[in-house]
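Visitor: Questions regarding the structure given below will be posed in turn.
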Amino acid sequence: MGQTTPASTLVTAGLALPDGPLFGLKLDRAAVLQHPRLNEFWKVSDFILEKDPLARGHLLRALSTAAAGL
């Protein structure tokens, strides 16, 4: 692990449910890495991880729990 601050990554997930109004068109990791708006995604993700106290607090608690081996 070794991570001391919140971070995000791209994974293929959610493919078990069909595309539709709720989830839109879901892309696998390979497609996202080629997407022209990927840079915008990272900006939003970084903003949430840095500025949203609820998300940041949740992730920091998860990191400290993992570091403690719980």
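In the structure tokens, each chain is lettered A, B, ... as it comes, each chain's residues begin at 1, and ligands are numbered from 1 in order of appearance.
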I'd like the contact shell of Leu27 (chain A) - 9 Å cut-off, only C-alpha atoms, skipping same-chain residues fewer than 2 positions apart - returned as a PyMOL selection string.

Guide: chain A and resi 12-13+15+25+29-32

Visitor: Save out the residues we just selected, all heavy atoms, as a JSON list (two decimals), in the first residue's frame.

Guide:
[["chain", "number", "residue", "atom", "x", "y", "z"],
["A", 12, "THR", "N", -11.66, -1.14, -14.52],
["A", 12, "THR", "CA", -12.88, -1.57, -15.19],
["A", 12, "THR", "C", -13.83, -2.07, -14.10],
["A", 12, "THR", "O", -13.49, -2.97, -13.35],
["A", 12, "THR", "CB", -12.59, -2.69, -16.20],
["A", 12, "THR", "OG1", -11.72, -2.15, -17.22],
["A", 12, "THR", "CG2", -13.87, -3.19, -16.85],
["A", 13, "ALA", "N", -14.98, -1.46, -14.01],
["A", 13, "ALA", "CA", -15.94, -1.83, -12.96],
["A", 13, "ALA", "C", -17.35, -1.53, -13.44],
["A", 13, "ALA", "O", -17.55, -0.78, -14.40],
["A", 13, "ALA", "CB", -15.65, -1.06, -11.68],
["A", 15, "LEU", "N", -19.51, -3.22, -15.00],
["A", 15, "LEU", "CA", -19.95, -3.72, -16.30],
["A", 15, "LEU", "C", -21.07, -4.76, -16.18],
["A", 15, "LEU", "O", -21.68, -5.12, -17.17],
["A", 15, "LEU", "CB", -18.77, -4.30, -17.08],
["A", 15, "LEU", "CG", -17.67, -3.30, -17.43],
["A", 15, "LEU", "CD1", -16.52, -3.99, -18.15],
["A", 15, "LEU", "CD2", -18.22, -2.16, -18.27],
["A", 25, "LEU", "N", -23.17, 5.42, -20.65],
["A", 25, "LEU", "CA", -22.33, 4.47, -21.37],
["A", 25, "LEU", "C", -21.08, 4.23, -20.54],
["A", 25, "LEU", "O", -20.26, 5.13, -20.35],
["A", 25, "LEU", "CB", -21.93, 5.01, -22.75],
["A", 25, "LEU", "CG", -20.93, 4.20, -23.54],
["A", 25, "LEU", "CD1", -21.51, 2.83, -23.87],
["A", 25, "LEU", "CD2", -20.51, 4.93, -24.79],
["A", 29, "ARG", "N", -11.43, 0.25, -18.76],
["A", 29, "ARG", "CA", -10.23, 1.04, -18.47],
["A", 29, "ARG", "C", -9.48, 1.41, -19.76],
["A", 29, "ARG", "O", -9.02, 2.54, -19.91],
["A", 29, "ARG", "CB", -9.31, 0.25, -17.53],
["A", 29, "ARG", "CG", -8.10, 1.04, -17.08],
["A", 29, "ARG", "CD", -7.28, 0.25, -16.05],
["A", 29, "ARG", "NE", -6.29, 1.07, -15.42],
["A", 29, "ARG", "CZ", -5.11, 1.36, -15.95],
["A", 29, "ARG", "NH1", -4.77, 0.88, -17.13],
["A", 29, "ARG", "NH2", -4.25, 2.13, -15.29],
["A", 30, "ALA", "N", -9.35, 0.48, -20.67],
["A", 30, "ALA", "CA", -8.62, 0.74, -21.91],
["A", 30, "ALA", "C", -9.28, 1.87, -22.70],
["A", 30, "ALA", "O", -8.59, 2.74, -23.24],
["A", 30, "ALA", "CB", -8.53, -0.52, -22.75],
["A", 31, "ALA", "N", -10.61, 1.88, -22.76],
["A", 31, "ALA", "CA", -11.32, 2.93, -23.50],
["A", 31, "ALA", "C", -11.17, 4.29, -22.81],
["A", 31, "ALA", "O", -11.02, 5.32, -23.46],
["A", 31, "ALA", "CB", -12.79, 2.57, -23.64],
["A", 32, "VAL", "N", -11.21, 4.28, -21.47],
["A", 32, "VAL", "CA", -11.06, 5.54, -20.73],
["A", 32, "VAL", "C", -9.68, 6.14, -20.95],
["A", 32, "VAL", "O", -9.54, 7.35, -21.12],
["A", 32, "VAL", "CB", -11.33, 5.32, -19.23],
["A", 32, "VAL", "CG1", -10.99, 6.58, -18.44],
["A", 32, "VAL", "CG2", -12.77, 4.92, -19.01]]

Visitor: So what do you get for CA of Leu33 (chain A) versus CA of Val11 (chain A), distance-wise?

Guide: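 For CA of Leu33 (chain A) relative to CA of Val11 (chain A), the distance reads 10.2 Å.
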
Visitor: Would you list the contacts of Leu60 (chain A) as a PyMOL selection string, taking every protein, DNA or RNA residue within 12 Å and counting only C-alpha atoms, but skipping same-chain residues closer than 3 positions in sequence?

Guide: chain A and resi 3-7+49-50+52-57+63-67

Visitor: Please provide the set of residues having any atom within 9 Å of Lys26 (chain A), restricted to only C-alpha atoms, with same-chain residues fewer than 3 positions apart removed, written as a PyMOL selection string.

Guide: chain A and resi 13-15+18-20+23

Visitor: When you count only C-alpha atoms, which of these residues is closest to Ser8 (chain A): A:Asp28, A:Pro36, A:Leu22, A:Lys43?

Guide: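 Distance minimum relative to Ser8 (chain A) lands on A:Lys43.
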
Visitor: Could you pull out the residues in chain A that DSSP calls alpha helix (DSSP H) from the backbone, as a VMD selection string?

Guide: chain A and resid 29 to 33 38 to 51 53 to 67

Visitor: Would you write out those residues with N, CA, C and O atoms, as a compact mmCIF listing (two decimals), in the first residue's frame?

Guide:
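Result went into out13.txt, see below:
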# COMPACT_ATOMS: atom_id res chain seq x y z
N ARG A 29 -11.43 0.25 -18.76
CA ARG A 29 -10.23 1.04 -18.47
C ARG A 29 -9.48 1.41 -19.76
O ARG A 29 -9.02 2.54 -19.91
N ALA A 30 -9.35 0.48 -20.67
CA ALA A 30 -8.62 0.74 -21.91
C ALA A 30 -9.28 1.87 -22.70
O ALA A 30 -8.59 2.74 -23.24
N ALA A 31 -10.61 1.88 -22.76
CA ALA A 31 -11.32 2.93 -23.50
C ALA A 31 -11.17 4.29 -22.81
O ALA A 31 -11.02 5.32 -23.46
N VAL A 32 -11.21 4.28 -21.47
CA VAL A 32 -11.06 5.54 -20.73
C VAL A 32 -9.68 6.14 -20.95
O VAL A 32 -9.54 7.35 -21.12
N LEU A 33 -8.67 5.30 -20.97
CA LEU A 33 -7.31 5.82 -21.17
C LEU A 33 -7.15 6.50 -22.53
O LEU A 33 -6.25 7.34 -22.69
N LEU A 38 -10.28 12.62 -20.61
CA LEU A 38 -9.65 12.02 -19.44
C LEU A 38 -9.01 13.07 -18.54
O LEU A 38 -9.12 13.00 -17.32
N ASN A 39 -8.37 14.06 -19.10
CA ASN A 39 -7.73 15.10 -18.31
C ASN A 39 -8.75 15.84 -17.44
O ASN A 39 -8.49 16.15 -16.28
N GLU A 40 -9.94 16.07 -17.99
CA GLU A 40 -11.00 16.72 -17.21
C GLU A 40 -11.45 15.83 -16.06
O GLU A 40 -11.72 16.31 -14.96
N PHE A 41 -11.54 14.53 -16.30
CA PHE A 41 -11.89 13.58 -15.25
C PHE A 41 -10.90 13.68 -14.10
O PHE A 41 -11.29 13.73 -12.92
N TRP A 42 -9.59 13.68 -14.41
CA TRP A 42 -8.58 13.75 -13.35
C TRP A 42 -8.70 15.06 -12.58
O TRP A 42 -8.50 15.07 -11.36
N LYS A 43 -9.01 16.15 -13.25
CA LYS A 43 -9.17 17.43 -12.54
C LYS A 43 -10.32 17.37 -11.54
O LYS A 43 -10.21 17.85 -10.41
N VAL A 44 -11.44 16.78 -11.95
CA VAL A 44 -12.59 16.64 -11.04
C VAL A 44 -12.23 15.71 -9.89
O VAL A 44 -12.51 16.00 -8.72
N SER A 45 -11.62 14.58 -10.21
CA SER A 45 -11.23 13.63 -9.18
C SER A 45 -10.28 14.28 -8.16
O SER A 45 -10.47 14.16 -6.95
N ASP A 46 -9.27 14.98 -8.64
CA ASP A 46 -8.32 15.65 -7.76
C ASP A 46 -9.02 16.69 -6.89
O ASP A 46 -8.75 16.80 -5.69
N PHE A 47 -9.93 17.45 -7.48
CA PHE A 47 -10.66 18.48 -6.72
C PHE A 47 -11.44 17.84 -5.58
O PHE A 47 -11.40 18.32 -4.44
N ILE A 48 -12.15 16.75 -5.87
CA ILE A 48 -12.93 16.08 -4.83
C ILE A 48 -12.01 15.55 -3.73
O ILE A 48 -12.27 15.74 -2.54
N LEU A 49 -10.93 14.88 -4.11
CA LEU A 49 -10.02 14.31 -3.11
C LEU A 49 -9.35 15.39 -2.27
O LEU A 49 -9.06 15.16 -1.10
N GLU A 50 -9.10 16.56 -2.83
CA GLU A 50 -8.42 17.62 -2.11
C GLU A 50 -9.36 18.53 -1.33
O GLU A 50 -9.00 19.03 -0.28
N LYS A 51 -10.57 18.74 -1.83
CA LYS A 51 -11.44 19.79 -1.27
C LYS A 51 -12.69 19.30 -0.55
O LYS A 51 -13.23 20.03 0.26
N PRO A 53 -14.52 17.64 2.22
CA PRO A 53 -14.14 17.10 3.53
C PRO A 53 -14.72 15.72 3.82
O PRO A 53 -14.08 14.91 4.48
N LEU A 54 -15.91 15.43 3.34
CA LEU A 54 -16.51 14.12 3.59
C LEU A 54 -15.74 13.02 2.86
O LEU A 54 -15.37 12.00 3.46
N ALA A 55 -15.48 13.22 1.56
CA ALA A 55 -14.74 12.22 0.79
C ALA A 55 -13.32 12.08 1.32
O ALA A 55 -12.82 10.95 1.51
N ARG A 56 -12.66 13.19 1.56
CA ARG A 56 -11.27 13.15 2.04
C ARG A 56 -11.19 12.46 3.41
O ARG A 56 -10.32 11.63 3.65
N GLY A 57 -12.12 12.80 4.31
CA GLY A 57 -12.11 12.19 5.63
C GLY A 57 -12.31 10.69 5.57
O GLY A 57 -11.64 9.92 6.26
N HIS A 58 -13.25 10.27 4.73
CA HIS A 58 -13.51 8.83 4.57
C HIS A 58 -12.25 8.12 4.07
O HIS A 58 -11.87 7.07 4.59
N LEU A 59 -11.61 8.68 3.07
CA LEU A 59 -10.43 8.04 2.50
C LEU A 59 -9.25 8.06 3.46
O LEU A 59 -8.50 7.09 3.56
N LEU A 60 -9.08 9.15 4.20
CA LEU A 60 -7.99 9.21 5.18
C LEU A 60 -8.20 8.18 6.29
O LEU A 60 -7.25 7.55 6.74
N ARG A 61 -9.47 8.01 6.73
CA ARG A 61 -9.75 6.98 7.74
C ARG A 61 -9.43 5.59 7.18
O ARG A 61 -8.86 4.74 7.88
N ALA A 62 -9.79 5.36 5.92
CA ALA A 62 -9.51 4.06 5.31
C ALA A 62 -8.01 3.83 5.20
O ALA A 62 -7.53 2.71 5.47
N LEU A 63 -7.25 4.86 4.86
CA LEU A 63 -5.80 4.72 4.77
C LEU A 63 -5.19 4.44 6.14
O LEU A 63 -4.30 3.60 6.27
N SER A 64 -5.65 5.14 7.18
CA SER A 64 -5.09 4.93 8.50
C SER A 64 -5.46 3.55 9.03
O SER A 64 -4.65 2.90 9.70
N THR A 65 -6.66 3.07 8.72
CA THR A 65 -7.06 1.73 9.13
C THR A 65 -6.20 0.67 8.44
O THR A 65 -5.73 -0.27 9.06
N ALA A 66 -5.97 0.87 7.14
CA ALA A 66 -5.12 -0.08 6.40
C ALA A 66 -3.68 -0.06 6.92
O ALA A 66 -3.06 -1.11 7.07
N ALA A 67 -3.17 1.14 7.24
CA ALA A 67 -1.81 1.25 7.73
C ALA A 67 -1.67 0.58 9.10
O ALA A 67 -0.61 0.03 9.42
